[in-house]
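Q: Just entry.cif, nothing more (mmCIF, C-alpha atoms):
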```
data_my_file
#
loop_
_atom_site.label_atom_id
_atom_site.label_comp_id
_atom_site.auth_asym_id
_atom_site.auth_seq_id
_atom_site.Cartn_x
_atom_site.Cartn_y
_atom_site.Cartn_z
CA MET I 183 141.56 57.31 131.74
CA ALA I 184 142.32 54.13 133.66
CA LEU I 185 143.05 52.36 130.37
CA TRP I 186 145.46 55.15 129.39
CA ALA I 187 147.24 54.83 132.71
CA LEU I 188 147.52 51.05 132.45
CA SER I 189 148.96 51.28 128.92
CA VAL I 190 151.51 53.87 129.98
CA VAL I 191 152.60 51.77 132.99
CA LEU I 192 153.05 48.69 130.81
CA LEU I 193 155.04 50.53 128.15
CA VAL I 194 157.23 52.32 130.69
CA SER I 195 157.98 48.91 132.16
CA ASN I 196 158.94 47.59 128.73
CA TRP I 197 161.08 50.66 128.02
CA GLN I 198 162.90 50.30 131.34
CA HIS I 199 163.65 46.67 130.48
CA TRP I 200 165.05 47.87 127.15
CA THR I 201 167.03 50.74 128.69
CA TYR I 202 168.45 48.90 131.67
CA GLY I 203 168.73 45.43 130.15
CA LYS I 204 172.39 46.01 129.22
CA ALA I 205 171.87 44.62 125.75
CA THR I 206 174.88 44.36 123.46
CA PRO I 207 174.11 45.94 120.07
CA GLN I 208 174.71 43.73 117.03
CA VAL I 209 176.33 46.70 115.25
CA PRO I 210 178.27 49.68 116.61
CA CYS I 211 175.85 52.27 115.29
CA TYR I 212 172.56 52.81 113.48
CA PHE I 213 171.78 55.82 111.28
CA VAL I 214 168.26 56.75 110.20
CA PHE I 215 167.18 58.85 107.22
CA GLY I 216 163.54 59.37 106.50
CA ASP I 217 160.19 61.10 106.75
CA SER I 218 157.36 61.02 109.28
CA LEU I 219 157.39 57.22 109.49
CA PHE I 220 160.89 57.47 111.03
CA ASP I 221 161.09 61.02 112.49
CA ASN I 222 161.74 60.92 116.23
CA GLY I 223 161.43 64.63 116.96
CA ASN I 224 163.69 66.55 114.57
CA ASN I 225 160.86 68.77 113.36
CA ASN I 226 160.41 70.10 116.90
CA TYR I 227 163.48 72.28 116.24
CA LEU I 228 162.15 73.75 112.99
CA THR I 229 159.78 76.59 112.14
CA THR I 230 157.21 74.34 110.52
CA PRO I 231 153.61 73.45 111.35
CA VAL I 232 154.48 69.82 110.55
CA LYS I 233 155.18 68.67 114.09
CA VAL I 234 153.29 66.48 116.55
CA ASN I 235 154.79 67.38 119.93
CA TYR I 236 151.40 67.35 121.65
CA LEU I 237 149.03 64.78 123.13
CA PRO I 238 147.54 62.38 122.25
CA TYR I 239 150.76 61.69 120.26
CA GLY I 240 153.11 59.77 122.52
CA VAL I 241 150.35 58.68 124.89
CA ASP I 242 152.01 55.26 125.14
CA PHE I 243 155.58 56.52 124.86
CA PRO I 244 157.62 56.72 128.10
CA LEU I 245 158.79 60.26 127.33
CA GLY I 246 155.41 61.53 126.14
CA ALA I 247 154.89 63.53 122.95
CA THR I 248 158.40 63.64 121.48
CA GLY I 249 157.47 64.37 117.87
CA ARG I 250 156.95 60.78 116.73
CA CYS I 251 153.86 60.39 114.55
CA SER I 252 152.56 57.57 116.70
CA ASN I 253 151.05 56.69 120.03
CA GLY I 254 154.39 55.08 120.92
CA LEU I 255 157.36 53.65 119.03
CA ASN I 256 157.76 54.09 115.28
CA ILE I 257 159.33 51.66 112.80
CA ALA I 258 162.85 53.05 113.24
CA ASP I 259 162.56 52.51 117.01
CA THR I 260 161.51 48.88 116.62
CA ILE I 261 164.50 48.19 114.39
CA ALA I 262 166.84 49.83 116.93
CA GLU I 263 165.52 47.53 119.63
CA GLN I 264 165.91 44.46 117.42
CA LEU I 265 169.49 45.54 116.71
CA GLY I 266 170.09 45.41 120.46
CA PHE I 267 170.47 49.09 121.34
CA ASP I 268 169.65 49.71 124.99
CA SER I 269 168.28 53.24 124.51
CA PHE I 270 166.59 55.31 121.84
CA ILE I 271 168.72 56.59 118.97
CA THR I 272 169.16 60.32 119.42
CA ASP I 273 167.65 62.88 117.06
CA PHE I 274 169.98 65.24 115.21
CA GLY I 275 167.97 68.31 116.18
CA ILE I 276 169.89 71.45 115.30
CA GLY I 277 173.30 69.83 115.44
CA GLY I 278 174.01 69.84 119.15
CA VAL I 279 174.01 66.05 119.38
CA THR I 280 177.01 64.68 121.28
CA ASN I 281 176.20 60.97 121.78
CA PHE I 282 176.54 60.22 118.07
CA LEU I 283 178.72 57.10 118.23
CA ASP I 284 175.62 54.90 118.62
CA GLY I 285 174.05 56.56 115.59
CA VAL I 286 171.70 59.44 114.83
CA ASN I 287 168.14 59.76 113.55
CA TYR I 288 167.91 62.52 110.90
CA GLY I 289 164.29 61.85 109.89
CA SER I 290 161.96 64.78 109.25
CA SER I 291 158.20 64.69 108.85
CA GLY I 292 157.09 66.08 105.49
CA ALA I 293 160.55 65.76 103.92
CA GLY I 294 161.24 64.19 100.56
CA ILE I 295 163.86 63.22 98.03
CA LEU I 296 163.31 66.49 96.18
CA ASP I 297 164.19 69.76 97.87
CA GLU I 298 160.96 71.36 96.62
CA THR I 299 158.76 68.72 98.24
CA GLY I 300 156.99 70.15 101.23
CA TYR I 301 158.16 73.74 100.65
CA LEU I 302 154.70 74.98 101.66
CA SER I 303 155.48 73.65 105.14
CA ARG I 304 158.51 75.96 105.43
CA ASP I 305 161.49 74.41 107.25
CA LEU I 306 162.08 70.69 106.73
CA PHE I 307 165.14 68.45 106.75
CA THR I 308 165.01 67.23 103.15
CA MET I 309 167.09 64.21 102.14
CA ASN I 310 169.85 66.52 100.93
CA ILE I 311 169.89 68.34 104.27
CA GLN I 312 169.84 65.05 106.18
CA LEU I 313 172.90 63.96 104.21
CA TYR I 314 174.62 67.27 104.98
CA ASN I 315 173.87 66.73 108.68
CA HIS I 316 175.28 63.22 108.48
CA LYS I 317 178.51 64.51 106.94
CA MET I 318 178.95 66.75 109.99
CA VAL I 319 178.42 63.78 112.31
CA ALA I 320 180.80 61.60 110.27
CA SER I 321 183.44 64.30 110.57
CA ARG I 322 182.96 64.46 114.34
CA ILE I 323 183.29 60.68 114.56
CA ALA I 324 186.57 60.85 112.63
CA LYS I 325 187.91 63.43 115.05
CA GLN I 326 186.74 61.54 118.13
CA LEU I 327 188.10 58.17 117.02
CA GLY I 328 191.42 59.66 116.06
CA GLY I 329 191.51 59.49 112.31
CA GLU I 330 189.75 58.97 109.01
CA ASP I 331 190.78 55.34 108.50
CA VAL I 332 189.53 54.25 111.91
CA ALA I 333 186.28 56.17 111.39
CA LYS I 334 185.65 54.64 107.97
CA LYS I 335 186.16 51.15 109.34
CA TYR I 336 183.79 51.94 112.20
CA LEU I 337 181.12 53.45 109.95
CA SER I 338 181.32 50.55 107.50
CA LYS I 339 180.03 48.19 110.19
CA CYS I 340 176.97 50.30 111.02
CA ILE I 341 173.44 49.83 109.73
CA TYR I 342 171.88 52.64 107.69
CA VAL I 343 168.18 52.81 106.87
CA SER I 344 166.50 55.21 104.46
CA ASP I 345 162.76 55.68 104.09
CA MET I 346 162.16 58.41 101.53
CA GLY I 347 159.71 59.20 98.74
CA HIS I 348 156.29 59.19 100.36
CA ASN I 349 156.08 62.96 100.57
CA ASP I 350 157.30 63.41 97.01
CA TYR I 351 153.93 61.90 96.14
CA LEU I 352 151.66 62.87 99.02
CA ASN I 353 152.92 66.44 99.38
CA ASN I 354 153.98 67.08 95.80
CA TYR I 355 152.81 64.93 92.89
CA PHE I 356 149.31 64.30 94.28
CA LEU I 357 148.68 67.97 95.18
CA ASP I 358 147.14 70.58 92.89
CA THR I 359 149.40 73.23 94.45
CA TYR I 360 152.36 71.64 92.62
CA ASN I 361 152.69 71.37 88.85
CA SER I 362 154.69 68.14 88.89
CA SER I 363 151.70 66.01 87.82
CA THR I 364 151.33 68.19 84.71
CA LEU I 365 155.05 68.14 83.94
CA TYR I 366 155.57 64.40 84.37
CA THR I 367 153.71 61.19 83.66
CA PRO I 368 153.80 58.71 86.59
CA ASP I 369 156.69 56.86 84.91
CA GLU I 370 158.63 60.06 84.24
CA TYR I 371 158.13 61.33 87.75
CA ALA I 372 159.37 58.07 89.24
CA GLN I 373 162.43 58.29 86.98
CA HIS I 374 163.05 61.85 88.18
CA LEU I 375 162.87 60.74 91.81
CA ILE I 376 165.03 57.67 91.29
CA LYS I 377 167.74 59.63 89.48
CA THR I 378 167.90 62.11 92.38
CA TYR I 379 167.74 59.37 95.02
CA LYS I 380 170.56 57.42 93.37
CA THR I 381 172.84 60.46 93.61
CA GLN I 382 171.92 60.82 97.27
CA LEU I 383 172.60 57.17 98.09
CA GLU I 384 175.96 57.46 96.30
CA GLU I 385 176.70 60.42 98.55
CA LEU I 386 175.81 58.35 101.60
CA TYR I 387 178.15 55.63 100.38
CA SER I 388 180.95 58.20 100.02
CA THR I 389 180.76 58.97 103.75
CA GLY I 390 181.59 55.36 104.63
CA ALA I 391 178.16 53.70 104.68
CA ARG I 392 178.34 50.09 103.48
CA LYS I 393 175.28 48.34 104.90
CA ILE I 394 172.28 50.28 103.68
CA ALA I 395 168.63 49.18 103.89
CA VAL I 396 166.43 51.22 101.58
CA PHE I 397 162.71 51.06 102.26
CA GLY I 398 160.23 51.18 99.42
CA LEU I 399 156.95 53.07 99.69
CA ILE I 400 153.97 51.73 101.60
CA ARG I 401 150.39 51.53 100.28
CA VAL I 402 149.65 55.24 100.53
CA GLY I 403 146.21 54.73 98.97
CA CYS I 404 145.18 52.73 102.04
CA MET I 405 145.81 55.59 104.48
CA PRO I 406 142.53 56.72 106.07
CA SER I 407 143.11 60.29 104.88
CA ASN I 408 143.60 59.24 101.25
CA LYS I 409 140.72 56.82 101.37
CA GLN I 410 138.45 59.64 102.55
CA LYS I 411 139.74 62.10 99.94
CA ASN I 412 139.28 59.62 97.08
CA PRO I 413 135.96 57.86 97.80
CA ASN I 414 135.25 57.20 94.11
CA GLU I 415 138.60 55.54 93.43
CA LEU I 416 138.55 52.72 95.96
CA ASP I 417 139.32 49.15 94.95
CA SER I 418 138.07 45.94 96.54
CA SER I 419 140.51 46.40 99.44
CA LEU I 420 139.06 49.88 100.09
CA CYS I 421 142.24 51.65 99.00
CA ALA I 422 142.71 54.48 96.49
CA TYR I 423 144.12 52.36 93.68
CA LYS I 424 145.48 55.20 91.53
CA LEU I 425 147.71 56.41 94.36
CA ASN I 426 148.96 52.89 95.01
CA ASN I 427 149.63 52.31 91.33
CA ASP I 428 151.87 55.37 91.15
CA VAL I 429 154.02 54.38 94.13
CA LYS I 430 154.34 50.85 92.73
CA ILE I 431 156.07 52.38 89.70
CA PHE I 432 158.54 54.10 92.02
CA ASN I 433 159.15 50.88 93.97
CA SER I 434 159.86 48.92 90.81
CA GLN I 435 162.40 51.47 89.59
CA LEU I 436 163.94 51.69 93.06
CA GLN I 437 164.71 47.96 93.03
CA THR I 438 166.41 48.27 89.65
CA MET I 439 168.44 51.23 90.85
CA LEU I 440 169.62 49.39 93.97
CA GLU I 441 170.71 46.43 91.86
CA ALA I 442 172.82 48.83 89.78
CA LEU I 443 174.41 50.28 92.91
CA ASN I 444 175.25 46.79 94.16
CA GLU I 445 176.86 45.98 90.84
CA LYS I 446 178.93 49.17 90.98
CA HIS I 447 179.97 49.00 94.64
CA LYS I 448 181.16 45.48 95.41
CA ASP I 449 182.28 46.52 98.90
CA ALA I 450 178.77 47.53 99.95
CA VAL I 451 175.22 46.21 100.03
CA PHE I 452 172.13 48.24 99.25
CA THR I 453 169.22 46.04 100.23
CA TYR I 454 165.58 46.65 99.33
CA ILE I 455 162.93 46.45 102.05
CA ASN I 456 159.63 45.73 100.33
CA SER I 457 157.45 48.08 102.34
CA TYR I 458 154.55 47.80 99.92
CA GLU I 459 154.35 44.04 100.41
CA ILE I 460 154.97 44.24 104.16
CA ASP I 461 152.17 46.82 104.44
CA SER I 462 149.63 44.20 103.34
CA ASP I 463 146.66 42.25 104.62
CA VAL I 464 149.05 39.53 105.81
CA THR I 465 150.69 41.93 108.27
CA ASN I 466 147.31 43.46 109.09
CA ALA I 467 145.66 40.10 109.76
CA GLY I 468 145.97 40.51 113.52
CA PHE I 469 144.27 43.92 113.53
CA LYS I 470 140.55 44.57 113.79
CA TYR I 471 140.57 48.08 112.33
CA THR I 472 142.70 48.38 109.19
CA ARG I 473 141.38 51.50 107.43
CA GLU I 474 140.37 53.77 110.34
CA SER I 475 142.26 56.25 112.51
CA CYS I 476 142.63 55.51 116.21
CA CYS I 477 142.75 59.18 117.15
CA GLN I 478 140.25 61.87 116.24
CA VAL I 479 141.51 63.89 113.27
CA LEU I 480 140.62 67.51 112.54
CA GLU I 481 138.27 66.68 109.65
CA SER I 482 137.58 64.03 107.05
CA GLY I 483 140.68 63.55 104.90
CA ALA I 484 142.99 65.17 107.46
CA VAL I 485 146.11 63.54 108.92
CA PRO I 486 146.94 65.03 112.36
CA CYS I 487 145.17 64.10 115.57
CA GLN I 488 143.21 66.84 117.28
CA SER I 489 145.24 68.29 120.12
CA LEU I 490 144.38 66.77 123.52
CA SER I 491 141.67 64.57 122.00
CA VAL I 492 141.02 61.16 123.55
CA PRO I 493 142.17 58.33 121.25
CA CYS I 494 140.73 54.86 120.99
CA ALA I 495 141.35 52.68 124.04
CA ASN I 496 142.10 49.50 122.05
CA ARG I 497 145.12 50.89 120.21
CA SER I 498 146.69 47.49 119.61
CA GLU I 499 143.72 46.63 117.37
CA TYR I 500 144.33 49.56 114.98
CA VAL I 501 146.72 49.73 112.03
CA TYR I 502 146.56 53.52 111.79
CA TRP I 503 147.12 55.95 114.62
CA ASP I 504 146.09 59.10 112.71
CA GLY I 505 145.17 59.77 109.10
CA ALA I 506 148.45 58.44 107.68
CA HIS I 507 150.76 56.93 110.32
CA PHE I 508 150.92 53.57 112.04
CA THR I 509 150.21 52.71 115.63
CA GLU I 510 153.04 51.25 117.67
CA ALA I 511 151.44 47.83 117.26
CA LYS I 512 151.59 48.09 113.45
CA ALA I 513 155.10 49.56 113.63
CA TRP I 514 156.20 46.43 115.48
CA ALA I 515 154.47 44.11 113.01
CA PHE I 516 156.11 46.02 110.15
CA GLY I 517 159.52 46.33 111.80
CA LYS I 518 159.73 42.62 112.56
CA ARG I 519 159.18 41.67 108.91
CA ALA I 520 161.74 44.26 107.77
CA PHE I 521 164.28 42.97 110.26
CA LYS I 522 163.68 39.28 109.61
CA ARG I 523 161.59 38.58 106.58
CA GLN I 524 158.52 36.46 106.90
CA PHE I 525 158.41 35.77 103.15
CA PRO I 526 161.21 35.85 100.55
CA GLU I 527 159.72 38.91 98.84
CA ASP I 528 159.91 41.01 102.02
CA ALA I 529 163.53 41.98 101.35
CA HIS I 530 166.14 41.59 98.61
CA PRO I 531 168.88 40.52 98.62
CA TYR I 532 168.96 40.55 102.44
CA ASP I 533 166.75 41.46 105.35
CA ILE I 534 168.26 43.68 108.04
CA SER I 535 169.21 40.78 110.33
CA GLU I 536 171.18 39.24 107.45
CA LEU I 537 172.72 42.57 106.55
CA VAL I 538 174.09 42.81 110.10
CA LYS I 539 175.99 39.53 109.74
CA LEU I 540 177.54 40.23 106.35
CA GLU I 541 181.32 40.41 106.13
CA LEU I 542 182.15 42.97 103.44
CA LYS I 543 185.34 43.89 101.65
CA ASP I 544 187.51 46.80 102.81
CA ASN I 545 186.24 50.29 102.08
CA ASP I 546 186.82 51.76 98.66
CA VAL I 547 189.70 54.25 98.48
CA ASN I 548 187.39 56.64 96.64
CA SER I 549 185.48 57.42 99.84
CA VAL I 550 185.61 61.06 100.84
CA ASN I 551 188.04 62.31 103.44
CA LEU I 552 185.85 62.53 106.53
CA ALA I 553 188.33 64.67 108.41
CA GLN I 554 187.87 67.39 105.81
CA LEU I 555 184.04 67.48 105.97
#
```
With the file now loaded, output its structure as structure tokens.
A:
Amino acid sequence: MALWALSVVLLVSNWQHWTYGKATPQVPCYFVFGDSLFDNGNNNYLTTPVKVNYLPYGVDFPLGATGRCSNGLNIADTIAEQLGFDSFITDFGIGGVTNFLDGVNYGSSGAGILDETGYLSRDLFTMNIQLYNHKMVASRIAKQLGGEDVAKKYLSKCIYVSDMGHNDYLNNYFLDTYNSSTLYTPDEYAQHLIKTYKTQLEELYSTGARKIAVFGLIRVGCMPSNKQKNPNELDSSLCAYKLNNDVKIFNSQLQTMLEALNEKHKDAVFTYINSYEIDSDVTNAGFKYTRESCCQVLESGAVPCQSLSVPCANRSEYVYWDGAHFTEAKAWAFGKRAFKRQFPEDAHPYDISELVKLELKDNDVNSVNLAQL
């Protein structure tokens, strides 16, 4: 327990430095779309079992168990800090958010690109719902700033990140309870996802977004839960290779789709964050335990931590917090490479730090009227 206390004291100290350091953000606002890798507590407001608002989740977070699938910060949090925000980006919740000018986190654990993904978990903020929620916020910003033109100029300078698609595989295509794997080959399914995702990113663009970082999928076959569920399909790196091969198809098509969007919208940049490459042995080199969960999960192959269980004491040595999600230490290692690439292949055409500095053309007149949303 002394180790727990020491870790909490250290992280509270770091958080207070962040909160009271009077940092000047590099961009006016930061909007987050995503799944459990980015969710900062939105599922707490929903009637779904997919929520982690209990210890040991948040054991190293200054506010405790907020709904983040981590012992502390998640990837979206680390990017916010690197952008210079002096407090955590607020969750959307059920729409009562008022401090939206700095940005909003719409992420929802279990959510996917497809509306049907995760339907067995009841309420979730799917990508379509997250976009609907963002339209409401964009409309409020237009009203608060005094007009659509001012709002569009403001929103065009913000950073947008989207991390979607993991659950369309983990909680859809890879599950026997769905028929998608019988309806589609891996290539066809990726095409189906990419076609839907492209429409959604176009919709985000129509609200005024111009600097958009789209994250590819991580190595889902390396998650402890998937490794345990597929013991006969492990490669030399001890990952379920079939699962990784399928998400690689999605990532390849995602890059092609983003290039098409960049060609179409010259006043915007859709940049690809190569999550699969960032989630590699290079990033994991500083960790001792790369395929094990830090917390005690319910059973072999499960994802959530057991409620009130005692996690590992050496959390900075673990890549995975539970059966699928990163520790804060891995989130920082990941977030740093996404923000400022370590290798050229980490991001294309820009990393997030470069995206911040870009001077783009004026907004397209075809953008929607925010005041009417």
Q: Calculated over all atoms listed in the file, which of the candidates I:Lys518, I:Lys335, I:Arg401, I:Arg497 has the smallest distance to Val429 in chain I?
A: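 That would be I:Arg401, the residue with the smallest distance to Val429 in chain I.
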Q: What do you get, as number ranges by chain, if you spell out every residue that the PyMOL selection byres ((chain I and resi 493) around 12) selects here?
A: I: 183, 185-186, 237-242, 252-253, 474-479, 487-492, 494-498, 500, 502-504, 509
Q: Quick one: everything within 8 Å of Leu337 in chain I, counting all atoms listed in the file, minus sequence neighbours fewer than 4 positions away in the same chain. Send it as an MDAnalysis selection string.
A: chainID I and resid 211 333 390:392
Q: Looking at only C-alpha atoms, which of I:Phe215, I:Phe220, I:Tyr342, I:Phe267 is the one that sits closest to Met309 in chain I?
A: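 Nearest candidate to Met309 in chain I out of I:Phe215, I:Phe220, I:Tyr342, I:Phe267: I:Phe215.
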Q: Under the PyMOL selection byres ((chain I and resi 350) around 10), which residues of this model are included? Write them out as number ranges by chain.
A: I: 292-300, 346-349, 351-357, 362, 371-372, 375
Q: For the selection just defined, write its residues with C-alpha atoms to a file, as a PDB file, keeping the file's coordinate frame.
A:
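Listed below is the output, part12.pdb:
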```pdb
ATOM      1  CA  GLY I 292     157.090  66.080 105.490  1.00  0.00           C
ATOM      2  CA  ALA I 293     160.550  65.760 103.920  1.00  0.00           C
ATOM      3  CA  GLY I 294     161.240  64.190 100.560  1.00  0.00           C
ATOM      4  CA  ILE I 295     163.860  63.220  98.030  1.00  0.00           C
ATOM      5  CA  LEU I 296     163.310  66.490  96.180  1.00  0.00           C
ATOM      6  CA  ASP I 297     164.190  69.760  97.870  1.00  0.00           C
ATOM      7  CA  GLU I 298     160.960  71.360  96.620  1.00  0.00           C
ATOM      8  CA  THR I 299     158.760  68.720  98.240  1.00  0.00           C
ATOM      9  CA  GLY I 300     156.990  70.150 101.230  1.00  0.00           C
ATOM     10  CA  MET I 346     162.160  58.410 101.530  1.00  0.00           C
ATOM     11  CA  GLY I 347     159.710  59.200  98.740  1.00  0.00           C
ATOM     12  CA  HIS I 348     156.290  59.190 100.360  1.00  0.00           C
ATOM     13  CA  ASN I 349     156.080  62.960 100.570  1.00  0.00           C
ATOM     14  CA  TYR I 351     153.930  61.900  96.140  1.00  0.00           C
ATOM     15  CA  LEU I 352     151.660  62.870  99.020  1.00  0.00           C
ATOM     16  CA  ASN I 353     152.920  66.440  99.380  1.00  0.00           C
ATOM     17  CA  ASN I 354     153.980  67.080  95.800  1.00  0.00           C
ATOM     18  CA  TYR I 355     152.810  64.930  92.890  1.00  0.00           C
ATOM     19  CA  PHE I 356     149.310  64.300  94.280  1.00  0.00           C
ATOM     20  CA  LEU I 357     148.680  67.970  95.180  1.00  0.00           C
ATOM     21  CA  SER I 362     154.690  68.140  88.890  1.00  0.00           C
ATOM     22  CA  TYR I 371     158.130  61.330  87.750  1.00  0.00           C
ATOM     23  CA  ALA I 372     159.370  58.070  89.240  1.00  0.00           C
ATOM     24  CA  LEU I 375     162.870  60.740  91.810  1.00  0.00           C
TER      25      LEU I 375
END
```
Q: Could you tell me, as a ChimeraX atom specification, which residues have any atom at most 12 Å from (151.3, 54.4, 100.4), counting all atoms listed in the file?
A: /I:219,346-352,356,398-409,421-433,457-462,505-508
Q: CA of Lys380 in chain I and CA of Gly278 in chain I are how many Å apart?
A: 28.8 Å
Q: Written as number ranges by chain, which residues does the PyMOL selection byres ((chain I and resi 539) around 12) give for the file shown?
A: I: 208-209, 265, 339-341, 393, 451, 532-538, 540-542
Q: Interatomic distance between CA of Arg304 in chain I and CA of Thr230 in chain I?
A: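 Separating CA of Arg304 in chain I from CA of Thr230 in chain I is a distance of 5.5 Å.
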